[in-house]
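Worksheet: the structure to be examined is printed underneath.
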Amino acid sequence: MKTEKTTYCGCVAIIGPPNVGKSTLLNQLLDKQISITSNKPQTTRHCIMGIHTEDVYQIIYLDTPGFQVNSKYVINSLMNRIASRSIKEADLIIFVVNGTVWTKDNDIALDNLRKNKIPIILAINKIDQIKKKNILLPYIKYISQKINFIDIVPISAITKKNIHVISNIVKQYLPHSKHHFPSNQVSNRSECFIASEIIREKLIHSLNAELPYSLTVNIEKFIKNDYGIYNIKSIIFVEKIGQKKIIIGSKGNKIRKVRIEAEYSLQRIFLSKIDLELWVKIKEGWRNNKYLLRNLGYIEDI
């Protein structure tokens with residue numbers, strides 16, 4: 001009689017302040033780009049699920065928006081609620097901080113974690129940028145007194161340093177459970193959602209510091225035709241006429257560059273030719289309007 005293998009499966013929430021490298025960490029743990037990245041805070045606005053299946057282990061990672069200290073807009077409050085809900089659903093938490101400077105944002109995020117009796121791994125990211133390596137051990141000793149972490153791991157998400165260490169610790173804490181997803185599934189997000197996020201990523205990379213927070217991307221048409229070509233029509237919503245002009249650029253140069261870069265990335269992800277159409281429209285105050293946020297897919301995450 002064939003003995004059935006014992007399998008392990010659980011949710012792991014990746015939590016931390018904005019712009020500490022949570023999405024880069026997720027992509028490296030999966031060895032695949034699921035979550036968009038940039039060097040600007042608040043790039044992640046949704047809870048992004050990444051699924052890693054390896055033999056008897058299935059790890060369901062949840063990449064969350066960074067905790068917002070000042071919830072100036074409704075969308076910021078929604079992002080905090082998404083992160084808080086992810087904590088409650090998790091079997092394990094990876095708390096990501098930036099280098100060797102402990103900030104007020106770290107304390108605020110840690111206060112949210114204390115309310116839940118869930119094991120926490122502390123990942124100290126961007127150690128490749130630490131010039132004085134001798135300060136790392138005293139820093140680890142200092143933060144180990146803040147809460148009882150199950151482990152503290154210095155990592156560099158961008159260079160993959162110690163990513164395997166995080167992965168191995170996670171496996172040790174997974175509960176006995178049947179796998180929830182097929183072994184070849186890497187995310188619960190649709191192709192349409194992935195397309196909108198890739199377009200937003202290219203916009204963030206090409207724009208100045210403030211404008212990315214004032215835009216969102218909505219897919220109006222997403223069709224794969226009989227020739228295997230994806231026909232995608234996307235609307236970029238901004239709040240002011242000046243923002244629209246910036247995105248379009250002189251003689252349409254900027255939006256043309258964004259379209260080309262987005263098509264290239266989407267072709268690599270979908271392994272098909274992409275015919276992408278981009279339009280820019282104004283929706284004043286969309287970040288503070290619950291009705292618009294629901295229509296744009298933000299409220300369904302909570």
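Going by the structure tokens order, chains are called A, B, ..., each with residues numbered from 1, while ligands are numbered from 1 in the order shown.
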Can you tell me, as an mmCIF file with N, CA and C atoms, in the first residue's frame, what residues are no more than 12 Å from A:Thr103 when counting only C-alpha atoms, ignoring any on the same chain fewer than 2 positions away?
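The file below, out_30.cif, is the result:
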```cif
data_model
loop_
_atom_site.group_PDB
_atom_site.id
_atom_site.type_symbol
_atom_site.label_atom_id
_atom_site.label_comp_id
_atom_site.auth_asym_id
_atom_site.auth_seq_id
_atom_site.Cartn_x
_atom_site.Cartn_y
_atom_site.Cartn_z
ATOM 1 N N GLY A 16 6.044 45.471 6.380
ATOM 2 C CA GLY A 16 7.069 46.463 6.694
ATOM 3 C C GLY A 16 6.654 47.840 6.234
ATOM 4 N N PRO A 17 7.437 48.852 6.557
ATOM 5 C CA PRO A 17 7.155 50.213 6.105
ATOM 6 C C PRO A 17 7.296 50.306 4.586
ATOM 7 N N PRO A 18 6.881 51.431 4.000
ATOM 8 C CA PRO A 18 7.050 51.603 2.555
ATOM 9 C C PRO A 18 8.524 51.620 2.140
ATOM 10 N N VAL A 20 10.970 49.383 1.576
ATOM 11 C CA VAL A 20 12.058 48.628 2.222
ATOM 12 C C VAL A 20 12.461 47.394 1.416
ATOM 13 N N VAL A 69 1.986 56.021 7.655
ATOM 14 C CA VAL A 69 1.969 56.778 8.903
ATOM 15 C C VAL A 69 0.911 57.870 8.846
ATOM 16 N N VAL A 97 12.902 45.375 7.212
ATOM 17 C CA VAL A 97 13.345 46.729 7.547
ATOM 18 C C VAL A 97 14.516 47.097 6.648
ATOM 19 N N ASN A 98 14.809 48.380 6.621
ATOM 20 C CA ASN A 98 15.776 48.933 5.686
ATOM 21 C C ASN A 98 17.104 49.235 6.371
ATOM 22 N N GLY A 99 18.113 48.374 6.163
ATOM 23 C CA GLY A 99 19.448 48.674 6.672
ATOM 24 C C GLY A 99 19.540 48.732 8.180
ATOM 25 N N THR A 100 20.438 49.543 8.674
ATOM 26 C CA THR A 100 20.735 49.579 10.107
ATOM 27 C C THR A 100 20.245 50.852 10.788
ATOM 28 N N VAL A 101 19.233 51.472 10.253
ATOM 29 C CA VAL A 101 18.639 52.652 10.894
ATOM 30 C C VAL A 101 17.194 52.315 11.264
ATOM 31 N N ASP A 105 8.661 54.606 11.475
ATOM 32 C CA ASP A 105 7.823 53.733 10.645
ATOM 33 C C ASP A 105 7.967 52.270 11.069
ATOM 34 N N ASN A 106 9.203 51.863 11.416
ATOM 35 C CA ASN A 106 9.421 50.492 11.882
ATOM 36 C C ASN A 106 8.649 50.218 13.167
ATOM 37 N N ASP A 107 8.674 51.176 14.087
ATOM 38 C CA ASP A 107 7.962 51.012 15.356
ATOM 39 C C ASP A 107 6.457 50.918 15.143
ATOM 40 N N ILE A 108 5.930 51.741 14.223
ATOM 41 C CA ILE A 108 4.498 51.711 13.942
ATOM 42 C C ILE A 108 4.095 50.358 13.362
ATOM 43 N N ALA A 109 4.894 49.861 12.430
ATOM 44 C CA ALA A 109 4.607 48.546 11.837
ATOM 45 C C ALA A 109 4.724 47.445 12.883
ATOM 46 N N LEU A 110 5.729 47.547 13.742
ATOM 47 C CA LEU A 110 5.940 46.529 14.773
ATOM 48 C C LEU A 110 4.800 46.529 15.793
ATOM 49 N N ILE A 143 17.862 45.446 18.120
ATOM 50 C CA ILE A 143 16.475 45.227 17.690
ATOM 51 C C ILE A 143 15.917 43.900 18.181
#
```
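Excluding A:Lys254 itself and any same-chain residue fewer than 6 positions from it, the protein and nucleic acid residues within 10 Å of it, counting only C-alpha atoms, are Leu203, Ser206, Leu207, Lys245, Ile246, Ile247 and Ile248 of chain A.
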Store the residues picked out above, limited to C-alpha atoms, as an mmCIF file, in the first residue's frame.
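Dumped to result_13.cif:
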```cif
data_model
loop_
_atom_site.group_PDB
_atom_site.id
_atom_site.type_symbol
_atom_site.label_atom_id
_atom_site.label_comp_id
_atom_site.auth_asym_id
_atom_site.auth_seq_id
_atom_site.Cartn_x
_atom_site.Cartn_y
_atom_site.Cartn_z
ATOM 1 C CA LEU A 203 4.978 55.007 -15.436
ATOM 2 C CA SER A 206 9.587 57.377 -15.955
ATOM 3 C CA LEU A 207 7.966 60.095 -13.805
ATOM 4 C CA LYS A 245 0.446 66.756 -19.981
ATOM 5 C CA ILE A 246 3.484 65.433 -18.096
ATOM 6 C CA ILE A 247 2.569 61.797 -18.786
ATOM 7 C CA ILE A 248 1.951 62.428 -22.492
#
```
Practice problem: Quick one: everything within 10 Å of A:Gln243, counting only C-alpha atoms, minus sequence neighbours fewer than 6 positions away in the same chain. Send it as a ChimeraX atom specification. | Solution: /A:211-212,214-215,237,249,280-282
Once you have the residues from the selection above, write them out as a compact mmCIF listing (two decimals), in the first residue's frame, restricted to all heavy atoms.
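This went into part-v3.txt:
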```txt
# COMPACT_ATOMS: atom_id res chain seq x y z
N LEU A 211 4.27 62.61 -8.91
CA LEU A 211 3.20 62.23 -9.83
C LEU A 211 2.74 60.77 -9.71
O LEU A 211 1.54 60.50 -9.84
CB LEU A 211 3.61 62.55 -11.27
CG LEU A 211 2.53 62.42 -12.34
CD1 LEU A 211 1.24 63.12 -11.94
CD2 LEU A 211 3.03 62.97 -13.66
N PRO A 212 3.63 59.79 -9.47
CA PRO A 212 3.16 58.40 -9.41
C PRO A 212 2.04 58.16 -8.40
O PRO A 212 1.20 57.28 -8.59
CB PRO A 212 4.42 57.62 -9.01
CG PRO A 212 5.53 58.42 -9.58
CD PRO A 212 5.10 59.85 -9.41
N SER A 214 -0.41 60.09 -7.81
CA SER A 214 -1.65 60.69 -8.29
C SER A 214 -2.23 59.96 -9.49
O SER A 214 -3.19 60.42 -10.08
CB SER A 214 -1.40 62.16 -8.68
OG SER A 214 -0.88 62.89 -7.59
N LEU A 215 -1.65 58.82 -9.86
CA LEU A 215 -2.17 58.10 -11.03
C LEU A 215 -2.55 56.67 -10.67
O LEU A 215 -2.07 56.09 -9.71
CB LEU A 215 -1.16 58.13 -12.17
CG LEU A 215 0.18 57.38 -12.03
CD1 LEU A 215 0.04 55.89 -12.33
CD2 LEU A 215 1.23 57.99 -12.94
N PHE A 237 -5.48 57.13 -15.24
CA PHE A 237 -6.24 58.20 -14.60
C PHE A 237 -5.32 59.06 -13.75
O PHE A 237 -4.52 58.54 -12.96
CB PHE A 237 -7.36 57.63 -13.73
CG PHE A 237 -8.49 57.01 -14.51
CD1 PHE A 237 -8.73 55.65 -14.46
CD2 PHE A 237 -9.32 57.81 -15.29
CE1 PHE A 237 -9.77 55.09 -15.18
CE2 PHE A 237 -10.37 57.24 -16.01
CZ PHE A 237 -10.58 55.88 -15.96
N GLY A 249 3.84 63.96 -22.44
CA GLY A 249 5.16 64.45 -22.84
C GLY A 249 5.11 65.25 -24.13
O GLY A 249 4.08 65.32 -24.82
N VAL A 280 -4.83 58.73 -21.53
CA VAL A 280 -4.75 59.42 -20.24
C VAL A 280 -6.03 60.24 -20.04
O VAL A 280 -6.41 61.02 -20.91
CB VAL A 280 -3.52 60.35 -20.17
CG1 VAL A 280 -3.38 60.93 -18.76
CG2 VAL A 280 -2.25 59.62 -20.57
N LYS A 281 -6.68 60.04 -18.90
CA LYS A 281 -7.91 60.77 -18.58
C LYS A 281 -7.81 61.35 -17.17
O LYS A 281 -7.05 60.88 -16.33
CB LYS A 281 -9.13 59.85 -18.68
CG LYS A 281 -9.41 59.37 -20.09
CD LYS A 281 -10.69 58.55 -20.15
CE LYS A 281 -11.00 58.08 -21.58
NZ LYS A 281 -12.25 57.29 -21.63
N ILE A 282 -8.62 62.38 -16.92
CA ILE A 282 -8.62 63.06 -15.62
C ILE A 282 -9.81 62.60 -14.79
O ILE A 282 -10.95 62.60 -15.26
CB ILE A 282 -8.67 64.60 -15.80
CG1 ILE A 282 -7.44 65.07 -16.58
CG2 ILE A 282 -8.75 65.29 -14.44
CD1 ILE A 282 -7.56 66.49 -17.08
```
Quiz item: DSSP on the backbone: what in stretch 87-271 of chain A comes out strand (DSSP E or B), as a PyMOL selection string?
Solution: chain A and resi 92-98+120-125+151-154+156+161+176+187+216-224+230-238
Could you give me, as a tab-separated table, a per-residue list for stretch 168-235 of chain A showing, wherever an atom lies at most 10 Å from an atom of stretch 115-123 of chain A, the closest pair of atoms and their distance in Å to one decimal, using only C-alpha atoms and sorting by chain then residue number from low to high?
```
residue	atom	partner	partner_atom	distance
A:Ile169	CA	A:Ile121	CA	8.4
A:Val170	CA	A:Ile121	CA	8.5
A:Tyr173	CA	A:Pro119	CA	8.4
```
Using only C-alpha atoms, find each residue of stretch 168-242 of chain A with at least one atom at most 7 Å away from an atom of stretch 265-279 of chain A; report its shortest atom-to-atom pair and that distance in Å (one decimal), sort the rows by chain and rising residue number, and return the result as a tab-separated table.
```
residue	atom	partner	partner_atom	distance
A:Ala195	CA	A:Leu266	CA	6.8
A:Gly228	CA	A:Ser272	CA	6.6
A:Ile229	CA	A:Lys273	CA	5.0
A:Tyr230	CA	A:Ile274	CA	4.9
A:Asn231	CA	A:Asp275	CA	4.9
A:Ile232	CA	A:Leu276	CA	4.9
A:Lys233	CA	A:Glu277	CA	4.7
A:Ser234	CA	A:Leu278	CA	5.1
A:Ile235	CA	A:Trp279	CA	4.9
A:Ile236	CA	A:Trp279	CA	6.0
```
Could those residues be written to a file, using all heavy atoms, as a PDB file, in the first residue's frame?
```pdb
ATOM      1  N   ALA A 195      -1.149  43.051 -16.203  1.00  0.00           N
ATOM      2  CA  ALA A 195      -0.907  44.056 -17.247  1.00  0.00           C
ATOM      3  C   ALA A 195      -1.017  45.464 -16.694  1.00  0.00           C
ATOM      4  O   ALA A 195      -0.173  46.327 -16.967  1.00  0.00           O
ATOM      5  CB  ALA A 195      -1.893  43.856 -18.397  1.00  0.00           C
ATOM      6  N   GLY A 228      -3.210  34.899 -31.501  1.00  0.00           N
ATOM      7  CA  GLY A 228      -2.413  34.814 -30.281  1.00  0.00           C
ATOM      8  C   GLY A 228      -1.856  36.138 -29.816  1.00  0.00           C
ATOM      9  O   GLY A 228      -0.975  36.187 -28.948  1.00  0.00           O
ATOM     10  N   ILE A 229      -2.370  37.248 -30.370  1.00  0.00           N
ATOM     11  CA  ILE A 229      -1.907  38.589 -29.990  1.00  0.00           C
ATOM     12  C   ILE A 229      -2.837  39.156 -28.917  1.00  0.00           C
ATOM     13  O   ILE A 229      -4.073  39.093 -29.054  1.00  0.00           O
ATOM     14  CB  ILE A 229      -1.871  39.529 -31.206  1.00  0.00           C
ATOM     15  CG1 ILE A 229      -0.905  38.989 -32.269  1.00  0.00           C
ATOM     16  CG2 ILE A 229      -1.474  40.949 -30.789  1.00  0.00           C
ATOM     17  CD1 ILE A 229      -0.982  39.736 -33.592  1.00  0.00           C
ATOM     18  N   TYR A 230      -2.245  39.710 -27.856  1.00  0.00           N
ATOM     19  CA  TYR A 230      -3.033  40.367 -26.818  1.00  0.00           C
ATOM     20  C   TYR A 230      -3.324  41.806 -27.233  1.00  0.00           C
ATOM     21  O   TYR A 230      -2.397  42.592 -27.452  1.00  0.00           O
ATOM     22  CB  TYR A 230      -2.282  40.386 -25.490  1.00  0.00           C
ATOM     23  CG  TYR A 230      -2.264  39.067 -24.754  1.00  0.00           C
ATOM     24  CD1 TYR A 230      -1.281  38.115 -25.009  1.00  0.00           C
ATOM     25  CD2 TYR A 230      -3.222  38.774 -23.772  1.00  0.00           C
ATOM     26  CE1 TYR A 230      -1.256  36.906 -24.331  1.00  0.00           C
ATOM     27  CE2 TYR A 230      -3.199  37.568 -23.082  1.00  0.00           C
ATOM     28  CZ  TYR A 230      -2.221  36.640 -23.368  1.00  0.00           C
ATOM     29  OH  TYR A 230      -2.190  35.444 -22.684  1.00  0.00           O
ATOM     30  N   ASN A 231      -4.601  42.147 -27.382  1.00  0.00           N
ATOM     31  CA  ASN A 231      -5.022  43.532 -27.636  1.00  0.00           C
ATOM     32  C   ASN A 231      -5.457  44.142 -26.306  1.00  0.00           C
ATOM     33  O   ASN A 231      -6.459  43.715 -25.718  1.00  0.00           O
ATOM     34  CB  ASN A 231      -6.167  43.577 -28.634  1.00  0.00           C
ATOM     35  CG  ASN A 231      -5.789  42.999 -29.988  1.00  0.00           C
ATOM     36  OD1 ASN A 231      -6.415  42.078 -30.484  1.00  0.00           O
ATOM     37  ND2 ASN A 231      -4.747  43.535 -30.599  1.00  0.00           N
ATOM     38  N   ILE A 232      -4.702  45.127 -25.841  1.00  0.00           N
ATOM     39  CA  ILE A 232      -4.953  45.703 -24.518  1.00  0.00           C
ATOM     40  C   ILE A 232      -5.160  47.210 -24.652  1.00  0.00           C
ATOM     41  O   ILE A 232      -4.336  47.908 -25.247  1.00  0.00           O
ATOM     42  CB  ILE A 232      -3.776  45.439 -23.558  1.00  0.00           C
ATOM     43  CG1 ILE A 232      -3.480  43.932 -23.472  1.00  0.00           C
ATOM     44  CG2 ILE A 232      -4.069  46.001 -22.172  1.00  0.00           C
ATOM     45  CD1 ILE A 232      -2.199  43.595 -22.721  1.00  0.00           C
ATOM     46  N   LYS A 233      -6.274  47.684 -24.105  1.00  0.00           N
ATOM     47  CA  LYS A 233      -6.532  49.122 -24.034  1.00  0.00           C
ATOM     48  C   LYS A 233      -6.533  49.530 -22.572  1.00  0.00           C
ATOM     49  O   LYS A 233      -7.305  48.992 -21.774  1.00  0.00           O
ATOM     50  CB  LYS A 233      -7.865  49.486 -24.677  1.00  0.00           C
ATOM     51  CG  LYS A 233      -8.173  50.987 -24.616  1.00  0.00           C
ATOM     52  CD  LYS A 233      -9.521  51.307 -25.242  1.00  0.00           C
ATOM     53  CE  LYS A 233      -9.830  52.800 -25.135  1.00  0.00           C
ATOM     54  NZ  LYS A 233     -11.161  53.127 -25.708  1.00  0.00           N
ATOM     55  N   SER A 234      -5.663  50.462 -22.217  1.00  0.00           N
ATOM     56  CA  SER A 234      -5.503  50.863 -20.822  1.00  0.00           C
ATOM     57  C   SER A 234      -5.730  52.359 -20.660  1.00  0.00           C
ATOM     58  O   SER A 234      -5.267  53.163 -21.470  1.00  0.00           O
ATOM     59  CB  SER A 234      -4.094  50.507 -20.345  1.00  0.00           C
ATOM     60  OG  SER A 234      -3.882  50.974 -19.042  1.00  0.00           O
ATOM     61  N   ILE A 235      -6.452  52.713 -19.589  1.00  0.00           N
ATOM     62  CA  ILE A 235      -6.681  54.119 -19.254  1.00  0.00           C
ATOM     63  C   ILE A 235      -5.835  54.479 -18.049  1.00  0.00           C
ATOM     64  O   ILE A 235      -5.882  53.802 -17.013  1.00  0.00           O
ATOM     65  CB  ILE A 235      -8.170  54.400 -18.929  1.00  0.00           C
ATOM     66  CG1 ILE A 235      -9.079  53.850 -20.031  1.00  0.00           C
ATOM     67  CG2 ILE A 235      -8.389  55.898 -18.721  1.00  0.00           C
ATOM     68  CD1 ILE A 235      -8.890  54.469 -21.381  1.00  0.00           C
ATOM     69  N   ILE A 236      -5.051  55.532 -18.176  1.00  0.00           N
ATOM     70  CA  ILE A 236      -4.264  56.068 -17.065  1.00  0.00           C
ATOM     71  C   ILE A 236      -5.032  57.248 -16.489  1.00  0.00           C
ATOM     72  O   ILE A 236      -5.261  58.237 -17.183  1.00  0.00           O
ATOM     73  CB  ILE A 236      -2.872  56.526 -17.535  1.00  0.00           C
ATOM     74  CG1 ILE A 236      -2.118  55.363 -18.190  1.00  0.00           C
ATOM     75  CG2 ILE A 236      -2.069  57.102 -16.366  1.00  0.00           C
ATOM     76  CD1 ILE A 236      -0.972  55.809 -19.079  1.00  0.00           C
TER      77      ILE A 236
END
```
Quiz item: Can you tell me how far atom CA of A:Val238 sits from atom CA of A:Asn289, in Å to one decimal?
Solution: 13.2 Å
Practice problem: Please report, as a ChimeraX atom specification, each residue of stretch 105-297 of chain A to which DSSP assigns helix (DSSP H, G or I) when run on this structure's backbone. | Solution: /A:105-114,127-129,133-143,163-172,191-206,211-214,241-248,250-270,286-288,290-295
